[in-house]
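Asks: Handing you a structure now.
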Amino acid sequence: MSIVKINAISVPKDKQERFEERFRGRAGAVEATEGFEWFELLRPQEGTDQYLVYTRWSSEEAYRAWESGQDFARAHDGGGSDLAPAASDSHHLWSYEVLESTGPKSGTV
Ligand code: HEM
């Protein structure tokens, strides 16, 4: 069963542009990680300043291996910025199991 790890990061308005720019230049290493299934960066539309970094994995172990490995460390090497280093306390990591999942029926779009 797949699992989902969502990192919810509060980003003040004046830092959103820089934050999104950083993700445009992200390492791109997660795609090549064993057990990785999906990534989406979700921009808040209303009522919150929390961006969601949605990731899906084949197992908890696969996520933990990535999170404790060098690719994660490199992807979060902030170079002094207050938005990238994992030292920030303005984030929450949410863990879920995928119970159901679907997409559009092929041939209907
Ligand atoms: C305080 C904690 C965190 C902050 C502030 C943060 C912020 C960022 C930023 C700004 C980037 C873009 C690359 C860069 O500029 O460094 C990034 C990359 C990424 N982050 Fe985080 N992050 C945090 C922790 C996490 C956690 C716990 C997850 C787990 C879901 C996660 C998932 C990702 C992924 C998948 C990427 C892309 C890596 C790649 O392209 O290989 N982040 N993060």
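Ligands are numbered from 1 in the order shown, chains are lettered A, B, ... in the order of the structure tokens, and residues start at 1 in each chain.
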Report as a PyMOL selection string: the residues of chain A with a DSSP assignment of strand (DSSP E), based on the backbone of this structure.
Replies: chain A and resi 3-10+36-42+50-57+91-97
Asks: Within 12 Å of A:Phe23, counting only C-alpha atoms, which residues show up once you throw out same-chain ones fewer than 4 positions away? Write them as a VMD selection string, please.
Replies: chain A and resid 16 to 19 27 to 28 39 to 43 51 53 75 to 76 78 83 to 84
Asks: Fewer than 6 positions away in the same chain doesn't count, so skip those; otherwise give me all residues within 9 Å of A:Phe36, counting only C-alpha atoms, as a JSON list (two decimals) with C-alpha atoms, in the first residue's frame.
Replies:
[["chain", "number", "residue", "atom", "x", "y", "z"],
["A", 30, "VAL", "CA", 13.77, 12.49, -5.91],
["A", 55, "THR", "CA", 4.96, 13.12, -2.14],
["A", 56, "ARG", "CA", 3.82, 9.51, -2.52],
["A", 57, "TRP", "CA", 5.96, 6.44, -1.83],
["A", 58, "SER", "CA", 5.68, 2.67, -2.17],
["A", 59, "SER", "CA", 6.38, 2.27, 1.57],
["A", 62, "ALA", "CA", 11.26, 4.03, 1.00],
["A", 63, "TYR", "CA", 10.37, 7.51, 2.29],
["A", 66, "TRP", "CA", 15.19, 9.11, 1.00]]
Asks: Considering only helix (DSSP H, G or I) as DSSP defines it on the backbone, what residues of chain A qualify? List them as a PyMOL selection string.
Replies: chain A and resi 13-24+30-32+60-67+70-75
Asks: Find the residue from A:Pro104, A:Gly35, A:Pro44, A:Arg64 that sits nearest to A:Ser2; use only C-alpha atoms when measuring.
Replies: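 The answer is A:Gly35, which sits nearest to A:Ser2.
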Asks: Pick from A:Ser95, A:Asp49, A:Thr102, A:Arg74: nearest to A:Lys15, with only C-alpha atoms counted?
Replies: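 Between A:Ser95, A:Asp49, A:Thr102, A:Arg74, the residue approaching A:Lys15 most closely is A:Asp49.
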Asks: What separation in Å, quoted to one decimal, exists between atom 28 (C, counted along the ligand's line) of ligand 1 and atom CA of A:Tyr54?
Replies: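 So the answer is 8.2 Å.
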Asks: Could you check the closest approach to A:Ile6 for each of A:Glu61, A:Glu20, A:Glu97, A:Asp77 and tell me which residue wins, using only C-alpha atoms?
Replies: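 Of A:Glu61, A:Glu20, A:Glu97, A:Asp77, the one nearest A:Ile6, counting only C-alpha atoms, is A:Glu97.
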Asks: How many Å lie between atom 10 (C, counted along the ligand's line) of ligand 1 and atom CA of A:Arg22, rounded to one decimal?
Replies: 5.3 Å
Asks: How far is it from atom CA of A:Arg26 to atom 5 (C, counted along the ligand's line) of ligand 1, in Å with one decimal?
Replies: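 Computed distance, atom CA of A:Arg26 to atom 5 (C, counted along the ligand's line) of ligand 1, equals 12.7 Å.
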Asks: Determine the nearest neighbour of ligand 1 from the options A:Glu34, A:Glu46, A:Glu21, A:Glu100, counting only C-alpha atoms and all ligand atoms.
Replies: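 The closest residue to ligand 1 is A:Glu21.
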Asks: With distances taken over only C-alpha atoms and all ligand atoms, which residue among A:Glu60, A:Gly47, A:Trp94, A:Asp14 lies nearest ligand 1?
Replies: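 Closest to ligand 1 of all the choices is A:Trp94.
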Asks: Between A:Gly107, A:Leu99, A:Gly25, A:Gln50, which is the closest to ligand 1 once you count only C-alpha atoms and all ligand atoms?
Replies: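 The closest residue to ligand 1 is A:Gly25.
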